[in-house]
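Have a look at work00.csv below; it lists CSV, C-alpha atoms.
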```csv
chain,number,residue,atom,x,y,z
Q,1,MET,CA,-14.3,35.3,-19.5
Q,2,LYS,CA,-14.9,31.5,-19.5
Q,3,THR,CA,-12.3,29.2,-21.0
Q,4,LEU,CA,-13.4,27.7,-24.4
Q,5,PRO,CA,-14.8,24.1,-23.9
Q,6,THR,CA,-12.2,22.7,-26.2
Q,7,LEU,CA,-9.4,24.3,-24.2
Q,8,ARG,CA,-10.5,23.1,-20.8
Q,9,ASP,CA,-8.5,20.5,-19.0
Q,10,LYS,CA,-10.2,17.2,-18.5
Q,11,LYS,CA,-10.9,16.6,-14.8
Q,12,ARG,CA,-11.4,13.6,-12.5
Q,13,TYR,CA,-13.3,13.5,-9.2
Q,14,MET,CA,-12.1,11.4,-6.4
Q,15,ALA,CA,-14.4,10.3,-3.6
Q,16,PHE,CA,-12.8,9.8,-0.2
Q,17,GLU,CA,-13.6,8.9,3.3
Q,18,VAL,CA,-12.1,10.5,6.4
Q,19,MET,CA,-11.3,8.7,9.6
Q,20,SER,CA,-10.3,11.1,12.4
Q,21,GLU,CA,-10.4,11.4,16.1
Q,22,GLN,CA,-12.4,14.6,16.0
Q,23,VAL,CA,-14.5,16.1,13.2
Q,24,ILE,CA,-12.3,18.3,10.9
Q,25,SER,CA,-13.8,21.4,9.3
Q,26,ARG,CA,-13.9,21.9,5.5
Q,27,ALA,CA,-11.4,24.8,5.5
Q,28,GLU,CA,-8.9,22.9,7.6
Q,29,LEU,CA,-9.1,19.8,5.3
Q,30,SER,CA,-8.9,21.9,2.2
Q,31,HIS,CA,-5.8,23.7,3.5
Q,32,GLU,CA,-4.2,20.4,4.6
Q,33,ILE,CA,-4.8,18.7,1.2
Q,34,PHE,CA,-3.2,21.7,-0.5
Q,35,ALA,CA,-0.2,21.7,1.9
Q,36,SER,CA,0.3,18.0,1.5
Q,37,ALA,CA,0.3,18.2,-2.3
Q,38,CYS,CA,2.6,21.2,-2.3
Q,39,SER,CA,5.0,19.6,0.1
Q,40,LEU,CA,5.1,16.4,-1.9
Q,41,PHE,CA,5.2,17.7,-5.5
Q,42,GLY,CA,6.2,21.3,-5.2
Q,43,ASP,CA,4.4,24.4,-6.5
Q,44,ALA,CA,4.8,23.4,-10.2
Q,45,GLY,CA,3.6,19.8,-9.6
Q,46,CYS,CA,0.7,21.1,-7.6
Q,47,SER,CA,-0.3,23.4,-10.4
Q,48,ASP,CA,-0.4,20.3,-12.7
Q,49,ILE,CA,-2.6,18.4,-10.3
Q,50,ASN,CA,-4.9,21.4,-9.9
Q,51,SER,CA,-6.6,19.9,-6.9
Q,52,ASN,CA,-9.7,21.4,-5.2
Q,53,LEU,CA,-11.9,20.2,-2.4
Q,54,LEU,CA,-15.5,20.3,-3.8
Q,55,SER,CA,-17.6,18.8,-1.1
Q,56,TYR,CA,-17.1,17.5,2.4
Q,57,ASP,CA,-19.6,16.7,5.1
Q,58,GLY,CA,-17.3,15.7,7.9
Q,59,LYS,CA,-16.8,12.1,6.8
Q,60,TYR,CA,-17.1,11.8,3.0
Q,61,GLY,CA,-15.9,14.2,0.4
Q,62,ILE,CA,-14.9,14.8,-3.2
Q,63,VAL,CA,-11.7,16.2,-4.5
Q,64,ARG,CA,-11.1,17.3,-8.0
Q,65,CYS,CA,-7.8,16.7,-10.0
Q,66,THR,CA,-6.6,16.8,-13.6
Q,67,LYS,CA,-7.0,13.7,-15.7
Q,68,GLY,CA,-4.0,11.4,-15.4
Q,69,LYS,CA,-3.0,12.7,-12.0
Q,70,ASN,CA,-5.0,10.1,-10.0
Q,71,ASN,CA,-1.9,8.5,-8.4
Q,72,GLU,CA,-0.5,11.9,-7.4
Q,73,ILE,CA,-3.7,13.1,-5.7
Q,74,ARG,CA,-4.0,9.6,-4.0
Q,75,ALA,CA,-0.4,9.9,-2.7
Q,76,ALA,CA,-1.1,13.5,-1.5
Q,77,LEU,CA,-4.2,12.4,0.4
Q,78,ALA,CA,-2.4,9.4,1.9
Q,79,CYS,CA,0.4,11.6,3.2
Q,80,ILE,CA,-2.0,13.6,5.5
Q,81,THR,CA,-1.5,12.3,9.0
Q,82,LYS,CA,-2.5,15.2,11.3
Q,83,VAL,CA,-4.8,18.2,11.1
Q,84,ARG,CA,-4.7,20.7,14.0
Q,85,GLY,CA,-3.1,18.0,16.3
Q,86,THR,CA,-5.9,15.5,15.5
Q,87,ARG,CA,-4.8,12.2,13.9
Q,88,ILE,CA,-6.5,11.6,10.6
Q,89,SER,CA,-6.4,9.0,7.8
Q,90,ILE,CA,-8.0,9.4,4.4
Q,91,LEU,CA,-9.2,6.5,2.3
Q,92,ALA,CA,-9.8,7.1,-1.4
Q,93,LEU,CA,-13.0,5.3,-2.3
Q,94,GLY,CA,-12.7,5.7,-6.1
Q,95,ILE,CA,-12.3,8.0,-9.0
Q,96,SER,CA,-14.9,9.1,-11.6
Q,97,GLY,CA,-15.3,11.5,-14.6
Q,98,THR,CA,-18.3,13.3,-13.1
Q,99,ILE,CA,-19.2,14.6,-9.6
Q,100,LYS,CA,-22.5,12.7,-9.9
Q,101,GLY,CA,-20.7,9.5,-10.8
Q,102,ALA,CA,-18.3,9.8,-7.8
Q,103,MET,CA,-21.2,10.5,-5.5
Q,104,GLU,CA,-23.5,7.7,-6.7
Q,105,LYS,CA,-20.9,5.0,-7.4
Q,106,PHE,CA,-18.7,5.4,-4.3
Q,107,ILE,CA,-20.2,7.5,-1.5
Q,108,GLN,CA,-23.9,6.4,-1.8
Q,109,GLN,CA,-22.8,2.8,-2.4
Q,110,THR,CA,-20.6,2.8,0.7
Q,111,LEU,CA,-23.5,4.1,2.8
Q,112,ILE,CA,-25.8,1.4,1.3
Q,113,ASN,CA,-23.2,-1.3,2.1
Q,114,LYS,CA,-22.8,0.0,5.6
Q,115,SER,CA,-26.5,0.0,6.3
Q,116,GLU,CA,-26.8,-3.6,5.0
Q,117,PRO,CA,-23.6,-5.4,6.3
Q,118,ASP,CA,-25.2,-8.9,6.1
Q,119,LYS,CA,-25.9,-8.5,2.4
Q,120,GLU,CA,-22.4,-7.4,1.7
Q,121,ASP,CA,-21.0,-10.5,3.6
Q,122,LYS,CA,-23.2,-12.9,1.6
Q,123,GLN,CA,-22.0,-11.4,-1.7
H,1,MET,CA,-8.2,-2.3,-11.8
H,2,ALA,CA,-8.1,-6.1,-11.6
H,3,LEU,CA,-4.5,-5.9,-10.2
H,4,PHE,CA,-5.8,-4.7,-6.9
H,5,ASP,CA,-8.3,-7.5,-6.3
H,6,GLY,CA,-5.7,-9.9,-4.8
H,7,LYS,CA,-4.7,-10.7,-1.2
H,8,PHE,CA,-2.6,-8.1,0.5
H,9,TYR,CA,-0.5,-8.2,3.6
H,10,ASP,CA,1.4,-5.7,5.7
H,11,LEU,CA,4.1,-7.6,7.5
H,12,TYR,CA,5.4,-4.9,9.9
H,13,THR,CA,2.7,-3.4,12.1
H,14,HIS,CA,3.0,-2.4,15.8
H,15,PRO,CA,-0.3,-2.0,17.6
H,16,ALA,CA,0.2,-1.4,21.3
H,17,PRO,CA,1.8,-4.6,22.7
H,18,GLY,CA,-0.5,-6.7,24.8
H,19,ASP,CA,-3.5,-4.4,24.2
H,20,ARG,CA,-6.1,-6.7,22.6
H,21,GLU,CA,-8.4,-3.7,21.6
H,22,SER,CA,-5.5,-2.0,19.7
H,23,VAL,CA,-4.8,-5.2,17.8
H,24,ALA,CA,-8.5,-5.9,17.1
H,25,LEU,CA,-9.0,-2.3,15.9
H,26,MET,CA,-6.0,-2.4,13.6
H,27,ALA,CA,-7.2,-5.8,12.2
H,28,ALA,CA,-10.7,-4.4,11.6
H,29,VAL,CA,-9.4,-1.3,9.8
H,30,ALA,CA,-6.9,-3.4,7.8
H,31,LYS,CA,-9.7,-5.7,6.7
H,32,LYS,CA,-11.8,-2.7,5.7
H,33,TYR,CA,-8.9,-1.3,3.6
H,34,GLY,CA,-8.6,-4.6,1.7
H,35,TYR,CA,-5.9,-6.5,3.5
H,36,SER,CA,-6.1,-10.2,4.1
H,37,GLY,CA,-3.7,-10.2,7.0
H,38,ILE,CA,-1.1,-8.3,9.0
H,39,ALA,CA,2.0,-9.4,10.9
H,40,VAL,CA,2.3,-7.9,14.3
H,41,THR,CA,5.7,-7.4,16.0
H,42,ASN,CA,6.0,-8.5,19.7
H,43,LEU,CA,2.7,-10.3,19.5
H,44,THR,CA,1.4,-12.0,22.7
H,45,GLU,CA,-0.4,-15.4,23.0
H,46,ASN,CA,-3.7,-13.6,23.7
H,47,ASP,CA,-3.5,-11.6,20.5
H,48,LEU,CA,-3.0,-14.8,18.5
H,49,ASP,CA,-6.0,-16.4,20.1
H,50,MET,CA,-8.1,-13.5,19.0
H,51,ALA,CA,-6.8,-13.7,15.5
H,52,ASP,CA,-8.3,-17.1,15.0
H,53,LYS,CA,-11.8,-15.8,15.6
H,54,SER,CA,-11.7,-12.9,13.1
H,55,GLY,CA,-12.8,-15.0,10.1
H,56,ASN,CA,-11.1,-14.5,6.8
H,57,PHE,CA,-8.5,-12.2,8.2
H,58,SER,CA,-5.2,-13.5,9.6
H,59,ILE,CA,-2.7,-12.1,12.1
H,60,PHE,CA,0.8,-13.4,12.0
H,61,PRO,CA,3.6,-13.0,14.5
H,62,ALA,CA,6.7,-11.0,13.5
H,63,PHE,CA,9.9,-10.4,15.4
H,64,GLU,CA,12.0,-7.3,15.0
H,65,ILE,CA,15.5,-8.2,15.9
H,66,PRO,CA,17.0,-5.6,18.3
H,67,ASN,CA,19.7,-3.5,16.6
H,68,LYS,CA,22.6,-4.8,18.8
H,69,ARG,CA,25.7,-5.4,16.7
H,70,ALA,CA,27.1,-8.2,18.8
H,71,LYS,CA,24.0,-10.3,19.0
H,72,LEU,CA,22.4,-9.9,15.6
H,73,ARG,CA,23.8,-13.1,14.0
H,74,ASP,CA,23.1,-15.3,17.0
H,75,GLU,CA,19.6,-14.0,17.3
H,76,ILE,CA,18.8,-14.7,13.7
H,77,LYS,CA,20.3,-18.2,13.9
H,78,LYS,CA,18.4,-18.9,17.1
H,79,ARG,CA,15.0,-17.8,15.7
H,80,LYS,CA,15.5,-19.2,12.2
H,81,GLU,CA,13.1,-22.1,12.7
H,82,ASP,CA,10.5,-20.0,14.6
H,83,ALA,CA,7.1,-19.3,13.1
H,84,SER,CA,7.7,-15.5,13.5
H,85,ILE,CA,8.8,-13.4,10.5
H,86,LEU,CA,12.3,-12.1,11.2
H,87,ILE,CA,12.8,-8.4,10.5
H,88,VAL,CA,16.0,-6.3,10.8
H,89,LYS,CA,16.0,-2.6,10.4
H,90,GLY,CA,19.2,-1.6,8.5
H,91,THR,CA,20.0,1.5,10.5
H,92,ASP,CA,23.7,1.5,9.7
H,93,GLU,CA,26.2,-0.2,7.3
H,94,TYR,CA,27.5,-2.7,9.8
H,95,LEU,CA,24.0,-4.0,10.7
H,96,THR,CA,23.0,-4.1,7.1
H,97,ARG,CA,26.0,-6.2,6.2
H,98,GLU,CA,25.5,-8.6,9.2
H,99,ALA,CA,21.8,-9.0,8.3
H,100,ALA,CA,22.5,-9.5,4.6
H,101,GLU,CA,25.2,-12.2,5.2
H,102,THR,CA,23.1,-14.2,7.7
H,103,GLU,CA,20.9,-17.0,6.2
H,104,GLY,CA,17.4,-17.3,7.6
H,105,LEU,CA,16.5,-13.6,7.8
H,106,ASP,CA,13.2,-12.8,6.1
H,107,ILE,CA,13.1,-9.0,5.7
H,108,LEU,CA,15.9,-6.4,5.7
H,109,LEU,CA,14.0,-3.1,6.2
H,110,GLN,CA,15.1,0.2,4.7
H,111,PRO,CA,18.8,-0.5,4.8
H,112,ARG,CA,21.1,2.5,4.8
H,113,LYS,CA,24.4,2.6,2.9
H,114,PHE,CA,23.2,-0.3,0.8
H,115,ASN,CA,25.5,-1.2,-2.1
H,116,ASN,CA,25.9,-3.6,-5.0
H,117,VAL,CA,28.0,-6.0,-2.9
H,118,LEU,CA,25.5,-6.2,-0.1
H,119,ALA,CA,22.6,-6.5,-2.5
H,120,LYS,CA,24.2,-9.5,-4.2
H,121,ILE,CA,24.9,-11.2,-0.9
H,122,ALA,CA,21.3,-10.5,0.3
H,123,SER,CA,19.9,-11.8,-3.0
H,124,ASP,CA,21.9,-15.0,-2.7
H,125,ASN,CA,20.6,-15.5,0.9
H,126,SER,CA,17.0,-14.9,-0.2
H,127,VAL,CA,16.6,-11.9,2.0
H,128,THR,CA,13.7,-9.7,1.1
H,129,LEU,CA,14.2,-6.0,0.8
H,130,GLY,CA,11.7,-3.9,2.7
H,131,PHE,CA,10.6,-0.4,1.8
H,132,ASN,CA,9.1,1.7,4.7
H,133,ILE,CA,6.4,3.7,3.1
H,134,GLY,CA,5.4,5.0,6.6
H,135,SER,CA,8.5,7.1,6.6
H,136,ILE,CA,7.4,9.0,3.5
H,137,ILE,CA,3.9,9.4,5.0
H,138,HIS,CA,5.1,10.8,8.4
H,139,MET,CA,8.2,12.8,7.4
H,140,ARG,CA,8.2,16.3,5.9
H,141,GLY,CA,10.7,18.5,4.1
H,142,GLU,CA,14.4,17.6,4.1
H,143,ALA,CA,14.0,14.3,6.0
H,144,ARG,CA,11.5,13.0,3.5
H,145,VAL,CA,13.8,14.0,0.6
H,146,ARG,CA,16.6,12.0,2.1
H,147,GLU,CA,14.4,9.0,2.6
H,148,LEU,CA,13.1,9.2,-1.0
H,149,VAL,CA,16.7,9.3,-2.3
H,150,LEU,CA,17.6,6.3,-0.1
H,151,MET,CA,14.6,4.3,-1.3
H,152,LYS,CA,15.3,5.1,-5.0
H,153,ALA,CA,18.9,3.9,-4.6
H,154,ASN,CA,17.7,0.7,-2.8
H,155,LEU,CA,15.1,0.1,-5.6
H,156,LYS,CA,17.9,0.3,-8.2
H,157,HIS,CA,19.9,-2.3,-6.4
H,158,ALA,CA,16.9,-4.6,-5.9
H,159,ARG,CA,16.1,-4.5,-9.6
H,160,LYS,CA,19.6,-5.2,-10.6
H,161,TYR,CA,20.0,-8.2,-8.4
H,162,ASP,CA,16.4,-9.5,-8.7
H,163,MET,CA,15.7,-9.1,-5.0
H,164,ARG,CA,12.2,-9.6,-3.7
H,165,MET,CA,10.7,-6.5,-2.3
H,166,ILE,CA,7.9,-5.8,0.2
H,167,LEU,CA,6.1,-2.6,1.1
H,168,THR,CA,5.1,-1.7,4.6
H,169,GLY,CA,3.3,1.2,6.2
H,170,ASP,CA,5.0,0.7,9.6
H,171,PRO,CA,1.7,1.6,11.4
H,172,HIS,CA,1.6,2.1,15.1
H,173,SER,CA,-2.1,2.8,15.2
H,174,HIS,CA,-5.1,2.3,12.9
H,175,TYR,CA,-4.7,5.9,11.8
H,176,ASP,CA,-1.3,5.1,10.2
H,177,LEU,CA,-2.7,2.3,8.0
H,178,ARG,CA,-3.1,3.0,4.3
H,179,SER,CA,-4.9,0.9,1.7
H,180,PRO,CA,-2.9,-1.1,-0.9
H,181,ARG,CA,-3.8,1.3,-3.7
H,182,GLU,CA,-2.5,4.3,-1.7
H,183,MET,CA,0.7,2.4,-0.9
H,184,ALA,CA,1.1,1.7,-4.6
H,185,ALA,CA,0.5,5.4,-5.4
H,186,ILE,CA,3.2,6.4,-2.8
H,187,SER,CA,5.6,3.8,-4.1
H,188,GLY,CA,5.2,5.3,-7.5
H,189,LEU,CA,7.0,8.4,-6.1
H,190,ILE,CA,10.2,6.3,-5.8
H,191,GLY,CA,9.7,4.9,-9.3
H,192,MET,CA,8.1,1.6,-8.5
H,193,THR,CA,5.7,0.3,-11.1
H,194,GLU,CA,2.2,-0.9,-10.2
H,195,LYS,CA,3.1,-4.5,-10.9
H,196,GLU,CA,6.2,-4.3,-8.6
H,197,ALA,CA,4.0,-2.7,-5.9
H,198,PHE,CA,1.4,-5.4,-6.2
H,199,ASP,CA,4.1,-8.1,-5.9
H,200,ALA,CA,5.6,-6.3,-2.9
H,201,MET,CA,2.3,-6.3,-1.1
H,202,SER,CA,0.8,-9.6,-2.3
H,203,THR,CA,3.1,-12.2,-4.0
H,204,THR,CA,6.2,-11.7,-1.9
H,205,PRO,CA,4.5,-11.6,1.5
H,206,LEU,CA,2.5,-14.8,0.5
H,207,GLY,CA,5.8,-16.5,-0.3
H,208,ILE,CA,7.3,-15.5,3.1
H,209,LEU,CA,4.2,-16.7,4.9
H,210,LYS,CA,4.3,-20.0,3.0
H,211,ARG,CA,7.9,-20.4,4.0
H,212,LYS,CA,7.0,-19.8,7.6
H,213,SER,CA,4.0,-22.2,7.7
H,214,PRO,CA,4.6,-25.5,9.6
H,215,ASP,CA,3.9,-27.6,6.4
H,216,TYR,CA,6.8,-26.1,4.5
H,217,VAL,CA,9.9,-28.4,4.1
H,218,GLN,CA,12.2,-26.7,1.7
H,219,GLU,CA,12.1,-24.8,-1.6
H,220,GLY,CA,10.7,-27.2,-4.2
H,221,ILE,CA,9.8,-30.0,-1.7
H,222,GLU,CA,6.2,-30.6,-0.8
H,223,ILE,CA,4.4,-33.1,1.5
H,224,ILE,CA,1.8,-35.0,-0.5
```

Translate the structure described by the file into structure tokens.
Amino acid sequence: MKTLPTLRDKKRYMAFEVMSEQVISRAELSHEIFASACSLFGDAGCSDINSNLLSYDGKYGIVRCTKGKNNEIRAALACITKVRGTRISILALGISGTIKGAMEKFIQQTLINKSEPDKEDKQ
Amino acid sequence: MALFDGKFYDLYTHPAPGDRESVALMAAVAKKYGYSGIAVTNLTENDLDMADKSGNFSIFPAFEIPNKRAKLRDEIKKRKEDASILIVKGTDEYLTREAAETEGLDILLQPRKFNNVLAKIASDNSVTLGFNIGSIIHMRGEARVRELVLMKANLKHARKYDMRMILTGDPHSHYDLRSPREMAAISGLIGMTEKEAFDAMSTTPLGILKRKSPDYVQEGIEII
């Protein structure tokens, strides 16, 4: 049975960019984010953050967290250094209240800026 | 957040010495992450030449003083007037004491067995206290817990004696770099406020760089 809308936790969606030596699979990244959060905040803290990897295409992705836990999820992502022996660094692009917002504001905007580097420099 | 629109610096980075590509790559990634400059330890002349060409991003020289008990004071005194930022890693109590008591040192990084007496001396000698966020990023389990405990204790001393603080990621490659917001988020784990983290990555490094610039005479004196 679904949770009543009034009883649902408010969520935030963080867009991130992955820089790695080799392409990391979705399952590996999801497992690593969970392991990093658990190692840093413990099981109880991790349950408060309630993180979940929603989308990931090999470079950009969106991770969900509870409202007010932005810094915690940011710290957990920053503490990821290696996945399957491959060095990796995750840069949080921004946080939004909706998946659409995170996608449009941060991921698509980053891609547009990358395709038009001259314009970005002029601004 | 307007707080994170300023200029940020990481004053303790180590790309592969003498490897121009490694320095250039780290500079490019740091620029992308929102840094305005980095200080590189054991920088060669070639690397500095390259730094001038990279536009609005600066590379500064830093010197990590070797952890040799007998030579620490002499080394600091000898290099006091240099343009390099002087850094000592406080790996034991003796080194921490020597470093805190010697005037002219810029950064005392992650001192162990730091106490109120040493904090007061370091504060009087205008030594900046460094927090190595890289150790939290790379360690796991018990080692990380001990590091967090150490940093929390250091933060208490720094607050009590109004010491200036800096945050560094201690990166050895561009994969180890983290953006200023992420550094602030991790520093939140040891109880640092956002304002303190901002000052530790922007205001304090700018002060150190100003002090190391050739135009600087003395605190409060300016050439017109």

Closest of Q:Arg26, Q:Lys114, Q:Lys67, Q:Lys11 to chain H - atom-to-atom distances counting only C-alpha atoms: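 Closest candidate: Q:Lys114.
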
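Using all atoms listed in the file, one finds that the residues of chain H close to chain Q, at 8 Å or less, are Tyr33, Ile136, Ile137, His138, Arg140, Gly141, Tyr175, Asp176, Leu177, Arg178, Ser179, Glu182, Met183, Ala185, Ile186 and Gly188 of chain H.
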
In Å to one decimal, how far is atom CA of Leu95 of chain H from atom CA of Lys68 of chain H? 8.3 Å

Counting all atoms listed in the file, the option among H:Phe131, H:Ala122, H:Asp106, H:Leu206 closest to Glu81 of chain H: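 Closest to Glu81 of chain H of all the choices is H:Asp106.
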
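These residues, each with an atom at most 8 Å from (-7.9, -9.7, 4.8) using all atoms listed in the file, are Lys7, Phe8, Tyr9, Ala30, Lys31, Gly34, Tyr35, Ser36, Gly37, Asn56, Phe57 and Ser58 of chain H.
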
Atoms to include: C-alpha atoms. Write the selected residues as a PDB file, in the coordinates of the input.
```
ATOM      1  CA  LYS H   7      -4.700 -10.700  -1.200  1.00  0.00           C
ATOM      2  CA  PHE H   8      -2.600  -8.100   0.500  1.00  0.00           C
ATOM      3  CA  TYR H   9      -0.500  -8.200   3.600  1.00  0.00           C
ATOM      4  CA  ALA H  30      -6.900  -3.400   7.800  1.00  0.00           C
ATOM      5  CA  LYS H  31      -9.700  -5.700   6.700  1.00  0.00           C
ATOM      6  CA  GLY H  34      -8.600  -4.600   1.700  1.00  0.00           C
ATOM      7  CA  TYR H  35      -5.900  -6.500   3.500  1.00  0.00           C
ATOM      8  CA  SER H  36      -6.100 -10.200   4.100  1.00  0.00           C
ATOM      9  CA  GLY H  37      -3.700 -10.200   7.000  1.00  0.00           C
ATOM     10  CA  ASN H  56     -11.100 -14.500   6.800  1.00  0.00           C
ATOM     11  CA  PHE H  57      -8.500 -12.200   8.200  1.00  0.00           C
ATOM     12  CA  SER H  58      -5.200 -13.500   9.600  1.00  0.00           C
TER      13      SER H  58
END
```

Around the point (-4.9, 19.2, -14.3) (coordinates from the file), which residues reach within 8 Å if we count only C-alpha atoms? Answer as an NGL selection string. :Q and (9-11 or 47-51 or 65-69)

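Taking atom CA of Leu43 of chain H as the reference point, atom CA of Arg69 of chain H is found at 23.7 Å.
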
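Taking atom CA of Asp170 of chain H and atom CA of Gly134 of chain H as the two end points, the separation is 5.3 Å.
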
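Close contacts of Tyr56 of chain Q, defined as residues with an atom at most 10 Å away when counting only C-alpha atoms, with chain neighbours fewer than 5 positions off set aside, comprise Q:Ala15, Q:Phe16, Q:Glu17, Q:Val18, Q:Ile24, Q:Ser25, Q:Arg26, Q:Ala27, Q:Leu29, Q:Ser30, Q:Gly61, Q:Ile62, Q:Val63.
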
List the spatial neighbours of Lys160 of chain H as a ChimeraX atom specification - criterion: any atom at most 10 Å away, all atoms listed in the file, same-chain residues fewer than 6 positions off excluded. /H:116,119-120,154

Near Lys80 of chain H, within 8 Å and counting only C-alpha atoms, which residues show up once chain neighbours fewer than 6 positions away are dropped, as a PyMOL selection string? chain H and resi 86+104-105

I need the residue nearest Tyr216 of chain H from this list: H:Glu142, H:Asn132, H:Ala83, H:Leu3. Use all atoms listed in the file for the distance.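 Between H:Glu142, H:Asn132, H:Ala83, H:Leu3, the residue approaching Tyr216 of chain H most closely is H:Ala83.
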
Nearest residue to Ile107 of chain H from the set H:Pro205, H:Pro61, H:Pro15, H:Pro171 (distances using all atoms listed in the file):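 Nearest to Ile107 of chain H: H:Pro205.
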
Among the residues Q:Val23, Q:Leu4, Q:Val83, Q:Met14, the one that comes closest to Ala102 of chain Q [using only C-alpha atoms]: Q:Met14

Leaving out Ile38 of chain H and any residue of its chain fewer than 4 positions from it, which residues lie within 6 Å of it when counting all atoms listed in the file, given as a ChimeraX atom specification? /H:9-11,59
